[in-house]
Amino acid sequence: AQSVSQHNHHVILSEAASLELGCNYSYGGTVNLFWYVQYPGQHLQLLLKYFSGDPLVKGIKGFEAEFIKSKFSFNLRKPSVQWSDTAEYFCAVASPDSNYQLIWGAGTKLIIKP
Amino acid sequence: DSGVTQTPKHLITATGQRVTLRCSPRSGDLSVYWYQQSLDQGLQFLIQYYNGEERAKGNILERFSAQQFPDLHSELNLSSLELGDSALYFCASSENFYNEQFFGPGTRLTVL
């Protein structure tokens with residue numbers, strides 16, 4: 001069965017630190033890749049997505065992610081985090097073989113210390 | 001605001017009862033998804049409908065059922081409620097089944 005791994009369940013950073021959250025998936029074929037964010041007490045919002053084309057994807061709020069097919073990875077990055085980035089981040093993957101059913105990672109809780 | 005609406009926002013009920021949660025997708029979206037989010041289980045996919053037909057099932061209990069109506073709104077029915085059913089229930093919609101999903105604000109269900 002396909003799976004998505006987010007290796008870090010909790011990350012604590014200071015403001016202005018750089019961020020990289022890992023996401024690895026198990027499927028080797030064509031994939032659609034997503035990062036969602038859930039701010040405290042709110043619903044999930046799409047941060048960015050990759051379907052095809054440039055593997056470096058820019059999203060909202062200064063986030064970007066890089067699709068590395070050979071590593072089955074889609075890591076999320078931000079050069080300088082802010083206190084308002086405190087949230088839970090979810091990676092999700094869909095593929096034709098999963099009938100485009102989104103397979104979700106377990107989420108990474110990010111806490112930014114002011 | 002994602003354009004997905006869910007009612008009610010909060011629901012408090014007793015064990016053994018039955019409740020119905022309602023979701024209206026974004027205008028033009030054909031696919032509706034239901035998720036359960038709790039502290040111990042995280043985000044769990046329950047079920048998906050596409051243009052009125054069930055398309056995929058996730059970790060949905062037999063006590064739970066859903067449907068999507070001709071106007072594309074969806075309802076999630078939860079019956080014989082247990083304490084462990086207390087959670088946030090999110091609805092999401094997408095234009096097609098392979099596009100990104102847009103989430104509603106959720107319904108917080110508390111079973112006492």
# chains A, B, ... in the order shown; residues from 1 in each chain; ligands from 1

$ residues_around --residues "B:Ala66" --least-positions-apart "5" --cutoff "10 Å" --atoms "only C-alpha atoms" --output "ChimeraX atom specification"
/B:20-22,33-34,46-49,54,60,74-78

$ write_last_selection --atoms "C-alpha atoms" --output "mmCIF file, in the first residue's frame"
data_model
loop_
_atom_site.group_PDB
_atom_site.id
_atom_site.type_symbol
_atom_site.label_atom_id
_atom_site.label_comp_id
_atom_site.auth_asym_id
_atom_site.auth_seq_id
_atom_site.Cartn_x
_atom_site.Cartn_y
_atom_site.Cartn_z
ATOM 1 C CA THR B 20 -26.362 14.681 10.909
ATOM 2 C CA LEU B 21 -23.594 16.957 9.723
ATOM 3 C CA ARG B 22 -24.074 18.999 6.606
ATOM 4 C CA TYR B 33 -14.777 14.349 1.142
ATOM 5 C CA TRP B 34 -15.377 13.737 4.835
ATOM 6 C CA LEU B 46 -13.814 8.723 5.980
ATOM 7 C CA ILE B 47 -15.504 8.779 2.599
ATOM 8 C CA GLN B 48 -15.612 10.531 -0.775
ATOM 9 C CA TYR B 49 -18.468 11.266 -3.150
ATOM 10 C CA GLU B 54 -19.666 7.104 -3.614
ATOM 11 C CA ILE B 60 -15.528 4.897 8.123
ATOM 12 C CA SER B 74 -23.480 16.210 1.394
ATOM 13 C CA GLU B 75 -24.557 14.899 4.753
ATOM 14 C CA LEU B 76 -22.674 12.679 7.166
ATOM 15 C CA ASN B 77 -24.866 10.667 9.512
ATOM 16 C CA LEU B 78 -23.370 9.370 12.744
#

$ residues_around --residues "B:Asp85" --least-positions-apart "4" --cutoff "8 Å" --atoms "only C-alpha atoms" --output "count of residues only"
4

$ residues_around --residues "B:Glu82" --least-positions-apart "3" --cutoff "12 Å" --atoms "only C-alpha atoms" --output "number ranges by chain"
B: 13-19, 61, 63-64, 78-79, 85-87, 109-112

$ write_last_selection --atoms "all heavy atoms" --output "short mmCIF file (atom, residue, chain, number, x, y, z; two decimals), in the first residue's frame"
data_model
loop_
_atom_site.label_atom_id
_atom_site.label_comp_id
_atom_site.auth_asym_id
_atom_site.auth_seq_id
_atom_site.Cartn_x
_atom_site.Cartn_y
_atom_site.Cartn_z
N THR B 13 -23.95 16.19 22.14
CA THR B 13 -25.01 15.22 22.22
C THR B 13 -24.61 14.11 23.21
O THR B 13 -23.52 14.15 23.78
CB THR B 13 -25.32 14.65 20.83
OG1 THR B 13 -26.49 13.82 20.90
CG2 THR B 13 -24.16 13.83 20.30
N ALA B 14 -25.48 13.16 23.38
CA ALA B 14 -25.24 12.09 24.35
C ALA B 14 -24.93 10.78 23.64
O ALA B 14 -25.26 10.61 22.45
CB ALA B 14 -26.47 11.93 25.24
N THR B 15 -24.34 9.87 24.37
CA THR B 15 -24.05 8.55 23.80
C THR B 15 -25.34 7.89 23.36
O THR B 15 -26.40 8.09 23.96
CB THR B 15 -23.34 7.64 24.81
OG1 THR B 15 -24.13 7.58 26.01
CG2 THR B 15 -21.94 8.15 25.15
N GLY B 16 -25.24 7.16 22.27
CA GLY B 16 -26.40 6.45 21.73
C GLY B 16 -27.23 7.25 20.76
O GLY B 16 -28.08 6.69 20.06
N GLN B 17 -26.99 8.54 20.70
CA GLN B 17 -27.79 9.40 19.82
C GLN B 17 -27.29 9.35 18.38
O GLN B 17 -26.26 8.76 18.07
CB GLN B 17 -27.74 10.85 20.32
CG GLN B 17 -28.40 11.04 21.67
CD GLN B 17 -29.87 10.70 21.64
OE1 GLN B 17 -30.64 11.26 20.86
NE2 GLN B 17 -30.29 9.77 22.49
N ARG B 18 -28.06 10.02 17.52
CA ARG B 18 -27.73 10.10 16.09
C ARG B 18 -27.68 11.58 15.71
O ARG B 18 -28.54 12.36 16.16
CB ARG B 18 -28.80 9.38 15.29
CG ARG B 18 -28.69 9.52 13.80
CD ARG B 18 -29.93 8.93 13.12
NE ARG B 18 -30.04 9.34 11.74
CZ ARG B 18 -29.62 8.62 10.72
NH1 ARG B 18 -29.08 7.44 10.91
NH2 ARG B 18 -29.75 9.06 9.48
N VAL B 19 -26.70 11.94 14.90
CA VAL B 19 -26.59 13.32 14.43
C VAL B 19 -26.33 13.35 12.93
O VAL B 19 -25.86 12.37 12.36
CB VAL B 19 -25.46 14.10 15.17
CG1 VAL B 19 -25.75 14.21 16.66
CG2 VAL B 19 -24.10 13.47 14.93
N LEU B 61 -16.69 3.98 10.02
CA LEU B 61 -17.35 2.94 10.80
C LEU B 61 -18.69 2.61 10.18
O LEU B 61 -19.30 3.42 9.48
CB LEU B 61 -17.55 3.42 12.24
CG LEU B 61 -16.28 3.78 13.02
CD1 LEU B 61 -16.64 4.44 14.34
CD2 LEU B 61 -15.43 2.54 13.26
N ARG B 63 -21.39 2.41 11.70
CA ARG B 63 -22.40 3.28 12.34
C ARG B 63 -22.51 4.63 11.62
O ARG B 63 -23.41 5.41 11.90
CB ARG B 63 -22.02 3.54 13.80
CG ARG B 63 -21.91 2.31 14.65
CD ARG B 63 -21.62 2.65 16.09
NE ARG B 63 -20.25 3.06 16.33
CZ ARG B 63 -19.86 4.29 16.62
NH1 ARG B 63 -20.74 5.27 16.67
NH2 ARG B 63 -18.59 4.57 16.87
N PHE B 64 -21.56 4.90 10.74
CA PHE B 64 -21.55 6.18 10.03
C PHE B 64 -21.98 5.95 8.58
O PHE B 64 -21.63 4.92 7.98
CB PHE B 64 -20.15 6.79 10.02
CG PHE B 64 -19.60 7.17 11.37
CD1 PHE B 64 -20.31 6.97 12.54
CD2 PHE B 64 -18.33 7.74 11.47
CE1 PHE B 64 -19.80 7.33 13.78
CE2 PHE B 64 -17.80 8.12 12.70
CZ PHE B 64 -18.53 7.90 13.85
N LEU B 78 -24.09 10.13 11.73
CA LEU B 78 -23.37 9.37 12.74
C LEU B 78 -24.40 8.85 13.74
O LEU B 78 -25.16 9.63 14.32
CB LEU B 78 -22.36 10.27 13.48
CG LEU B 78 -21.49 11.20 12.62
CD1 LEU B 78 -20.64 12.10 13.51
CD2 LEU B 78 -20.62 10.41 11.68
N SER B 79 -24.45 7.53 13.91
CA SER B 79 -25.48 6.97 14.79
C SER B 79 -24.85 6.15 15.91
O SER B 79 -23.65 5.86 15.88
CB SER B 79 -26.45 6.10 13.99
OG SER B 79 -25.76 5.04 13.38
N ASP B 85 -16.33 9.04 19.57
CA ASP B 85 -16.67 9.72 18.31
C ASP B 85 -16.50 11.22 18.42
O ASP B 85 -16.61 11.94 17.42
CB ASP B 85 -18.11 9.40 17.91
CG ASP B 85 -18.33 7.92 17.65
OD1 ASP B 85 -17.39 7.27 17.15
OD2 ASP B 85 -19.44 7.41 17.95
N SER B 86 -16.24 11.71 19.62
CA SER B 86 -15.99 13.13 19.80
C SER B 86 -14.77 13.52 18.99
O SER B 86 -13.69 12.94 19.14
CB SER B 86 -15.74 13.45 21.29
OG SER B 86 -16.90 13.19 22.05
N ALA B 87 -14.93 14.49 18.12
CA ALA B 87 -13.85 14.87 17.20
C ALA B 87 -14.29 16.07 16.39
O ALA B 87 -15.44 16.52 16.48
CB ALA B 87 -13.51 13.71 16.25
N LEU B 109 -17.83 17.91 17.22
CA LEU B 109 -18.82 17.04 17.86
C LEU B 109 -18.32 16.61 19.23
O LEU B 109 -17.20 16.11 19.34
CB LEU B 109 -19.08 15.79 17.01
CG LEU B 109 -19.97 14.73 17.62
CD1 LEU B 109 -21.40 15.25 17.76
CD2 LEU B 109 -19.95 13.45 16.80
N THR B 110 -19.13 16.84 20.22
CA THR B 110 -18.81 16.38 21.57
C THR B 110 -19.89 15.41 22.00
O THR B 110 -21.09 15.77 21.99
CB THR B 110 -18.76 17.56 22.56
OG1 THR B 110 -17.79 18.50 22.11
CG2 THR B 110 -18.37 17.07 23.95
N VAL B 111 -19.48 14.20 22.34
CA VAL B 111 -20.42 13.18 22.82
C VAL B 111 -20.21 13.01 24.31
O VAL B 111 -19.10 12.70 24.76
CB VAL B 111 -20.21 11.85 22.08
CG1 VAL B 111 -21.24 10.82 22.55
CG2 VAL B 111 -20.29 12.05 20.57
N LEU B 112 -21.26 13.25 25.08
CA LEU B 112 -21.15 13.18 26.55
C LEU B 112 -21.77 11.90 27.10
O LEU B 112 -22.66 11.31 26.46
CB LEU B 112 -21.85 14.39 27.17
CG LEU B 112 -21.27 15.76 26.75
CD1 LEU B 112 -22.13 16.87 27.33
CD2 LEU B 112 -19.83 15.90 27.21
#

$ interface_residues --of "chain A" --to "chain B" --cutoff "12 Å" --atoms "only C-alpha atoms" --output "PyMOL selection string"
chain A and resi 9+31-39+41-51+88-109

$ select_by_dssp --residues "stretch 24-92 of chain B" --states "strand (DSSP E or B)" --output "number ranges by chain"
B: 24, 31-38, 42-50, 53-57, 64-68, 74-78, 87-92

$ write_last_selection --atoms "N, CA, C and O atoms" --output "compact mmCIF listing (two decimals), in the first residue's frame"
# COMPACT_ATOMS: atom_id res chain seq x y z
N SER B 24 -21.78 21.99 2.34
CA SER B 24 -22.02 22.52 1.00
C SER B 24 -20.69 22.80 0.34
O SER B 24 -19.88 23.57 0.87
N SER B 31 -16.75 16.96 -6.22
CA SER B 31 -16.31 15.94 -5.27
C SER B 31 -16.37 16.46 -3.84
O SER B 31 -15.98 17.60 -3.57
N VAL B 32 -16.86 15.62 -2.94
CA VAL B 32 -16.94 15.97 -1.53
C VAL B 32 -16.26 14.87 -0.72
O VAL B 32 -16.41 13.68 -1.02
N TYR B 33 -15.51 15.27 0.28
CA TYR B 33 -14.78 14.35 1.14
C TYR B 33 -15.15 14.63 2.59
O TYR B 33 -15.35 15.78 2.97
N TRP B 34 -15.17 13.59 3.40
CA TRP B 34 -15.38 13.74 4.84
C TRP B 34 -14.17 13.19 5.58
O TRP B 34 -13.65 12.12 5.25
N TYR B 35 -13.73 13.95 6.59
CA TYR B 35 -12.60 13.57 7.42
C TYR B 35 -12.98 13.70 8.89
O TYR B 35 -13.79 14.53 9.26
N GLN B 36 -12.33 12.88 9.70
CA GLN B 36 -12.46 12.98 11.15
C GLN B 36 -11.08 13.33 11.70
O GLN B 36 -10.08 12.73 11.29
N GLN B 37 -11.02 14.30 12.60
CA GLN B 37 -9.74 14.65 13.20
C GLN B 37 -9.87 14.64 14.71
O GLN B 37 -10.70 15.34 15.29
N SER B 38 -9.07 13.81 15.36
CA SER B 38 -9.06 13.76 16.81
C SER B 38 -7.62 13.77 17.29
O SER B 38 -6.69 13.50 16.52
N GLY B 42 -5.49 11.55 14.92
CA GLY B 42 -5.06 12.45 13.85
C GLY B 42 -6.14 12.62 12.79
O GLY B 42 -7.32 12.46 13.06
N LEU B 43 -5.71 12.92 11.57
CA LEU B 43 -6.64 13.17 10.46
C LEU B 43 -6.94 11.84 9.77
O LEU B 43 -6.04 11.17 9.28
N GLN B 44 -8.21 11.47 9.74
CA GLN B 44 -8.62 10.21 9.13
C GLN B 44 -9.62 10.49 8.01
O GLN B 44 -10.64 11.14 8.23
N PHE B 45 -9.34 9.95 6.84
CA PHE B 45 -10.26 10.06 5.72
C PHE B 45 -11.42 9.09 5.94
O PHE B 45 -11.21 7.91 6.26
N LEU B 46 -12.64 9.58 5.77
CA LEU B 46 -13.81 8.72 5.98
C LEU B 46 -14.39 8.24 4.66
O LEU B 46 -14.51 7.04 4.43
N ILE B 47 -14.80 9.18 3.80
CA ILE B 47 -15.50 8.78 2.60
C ILE B 47 -15.47 9.92 1.59
O ILE B 47 -15.33 11.09 1.96
N GLN B 48 -15.60 9.55 0.30
CA GLN B 48 -15.61 10.53 -0.78
C GLN B 48 -16.80 10.27 -1.69
O GLN B 48 -17.12 9.12 -2.01
N TYR B 49 -17.43 11.34 -2.13
CA TYR B 49 -18.47 11.27 -3.15
C TYR B 49 -18.05 12.11 -4.33
O TYR B 49 -17.40 13.14 -4.18
N TYR B 50 -18.43 11.65 -5.49
CA TYR B 50 -18.15 12.40 -6.71
C TYR B 50 -19.43 12.43 -7.53
O TYR B 50 -19.92 11.39 -7.96
N GLU B 53 -22.15 10.02 -6.50
CA GLU B 53 -21.85 8.61 -6.31
C GLU B 53 -20.70 8.44 -5.31
O GLU B 53 -19.74 9.22 -5.33
N GLU B 54 -20.78 7.40 -4.51
CA GLU B 54 -19.67 7.10 -3.61
C GLU B 54 -18.46 6.69 -4.44
O GLU B 54 -18.57 5.81 -5.31
N ARG B 55 -17.30 7.30 -4.15
CA ARG B 55 -16.13 7.01 -4.98
C ARG B 55 -15.04 6.28 -4.19
O ARG B 55 -14.31 5.48 -4.75
N ALA B 56 -14.93 6.58 -2.93
CA ALA B 56 -13.88 5.93 -2.13
C ALA B 56 -14.30 5.90 -0.68
O ALA B 56 -14.99 6.80 -0.20
N LYS B 57 -13.89 4.84 0.00
CA LYS B 57 -14.17 4.70 1.43
C LYS B 57 -12.86 4.60 2.18
O LYS B 57 -11.96 3.89 1.76
N PHE B 64 -21.56 4.90 10.74
CA PHE B 64 -21.55 6.18 10.03
C PHE B 64 -21.98 5.95 8.58
O PHE B 64 -21.63 4.92 7.98
N SER B 65 -22.68 6.91 8.02
CA SER B 65 -23.04 6.83 6.61
C SER B 65 -23.08 8.24 6.05
O SER B 65 -23.13 9.22 6.80
N ALA B 66 -23.02 8.33 4.75
CA ALA B 66 -23.04 9.65 4.12
C ALA B 66 -23.75 9.55 2.80
O ALA B 66 -24.00 8.45 2.28
N GLN B 67 -24.11 10.69 2.26
CA GLN B 67 -24.65 10.74 0.92
C GLN B 67 -24.41 12.12 0.33
O GLN B 67 -24.19 13.09 1.06
N GLN B 68 -24.44 12.16 -0.99
CA GLN B 68 -24.33 13.43 -1.70
C GLN B 68 -25.60 13.58 -2.53
O GLN B 68 -25.98 12.68 -3.28
N SER B 74 -23.67 17.55 0.83
CA SER B 74 -23.48 16.21 1.39
C SER B 74 -23.86 16.22 2.86
O SER B 74 -23.78 17.26 3.54
N GLU B 75 -24.27 15.07 3.34
CA GLU B 75 -24.56 14.90 4.75
C GLU B 75 -23.83 13.67 5.27
O GLU B 75 -23.75 12.65 4.57
N LEU B 76 -23.32 13.80 6.48
CA LEU B 76 -22.67 12.68 7.17
C LEU B 76 -23.53 12.35 8.38
O LEU B 76 -23.78 13.21 9.22
N ASN B 77 -24.01 11.12 8.42
CA ASN B 77 -24.87 10.67 9.51
C ASN B 77 -24.06 9.79 10.46
O ASN B 77 -23.42 8.83 10.03
N LEU B 78 -24.09 10.13 11.73
CA LEU B 78 -23.37 9.37 12.74
C LEU B 78 -24.40 8.85 13.74
O LEU B 78 -25.16 9.63 14.32
N ALA B 87 -14.93 14.49 18.12
CA ALA B 87 -13.85 14.87 17.20
C ALA B 87 -14.29 16.07 16.39
O ALA B 87 -15.44 16.52 16.48
N LEU B 88 -13.35 16.55 15.58
CA LEU B 88 -13.67 17.55 14.57
C LEU B 88 -13.96 16.80 13.28
O LEU B 88 -13.19 15.92 12.90
N TYR B 89 -15.04 17.13 12.64
CA TYR B 89 -15.38 16.50 11.36
C TYR B 89 -15.29 17.57 10.28
O TYR B 89 -15.99 18.58 10.31
N PHE B 90 -14.37 17.33 9.34
CA PHE B 90 -14.17 18.27 8.26
C PHE B 90 -14.78 17.72 6.97
O PHE B 90 -14.70 16.53 6.68
N CYS B 91 -15.31 18.63 6.21
CA CYS B 91 -15.72 18.34 4.85
C CYS B 91 -14.76 19.08 3.92
O CYS B 91 -14.27 20.18 4.27
N ALA B 92 -14.43 18.51 2.81
CA ALA B 92 -13.61 19.17 1.80
C ALA B 92 -14.26 18.95 0.45
O ALA B 92 -15.03 18.00 0.26

$ select_by_dssp --residues "stretch 5-78 of chain A" --states "helix (DSSP H, G or I)" --output "PyMOL selection string"
chain A and resi 60-62+69-71

$ atom_distance --atom1 "atom CA of A:His7" --atom2 "atom CA of A:Phe72"
13.5 Å

$ residues_around --residues "A:Ser73" --least-positions-apart "6" --cutoff "9 Å" --atoms "only C-alpha atoms" --output "ChimeraX atom specification"
/A:22-25,66-67
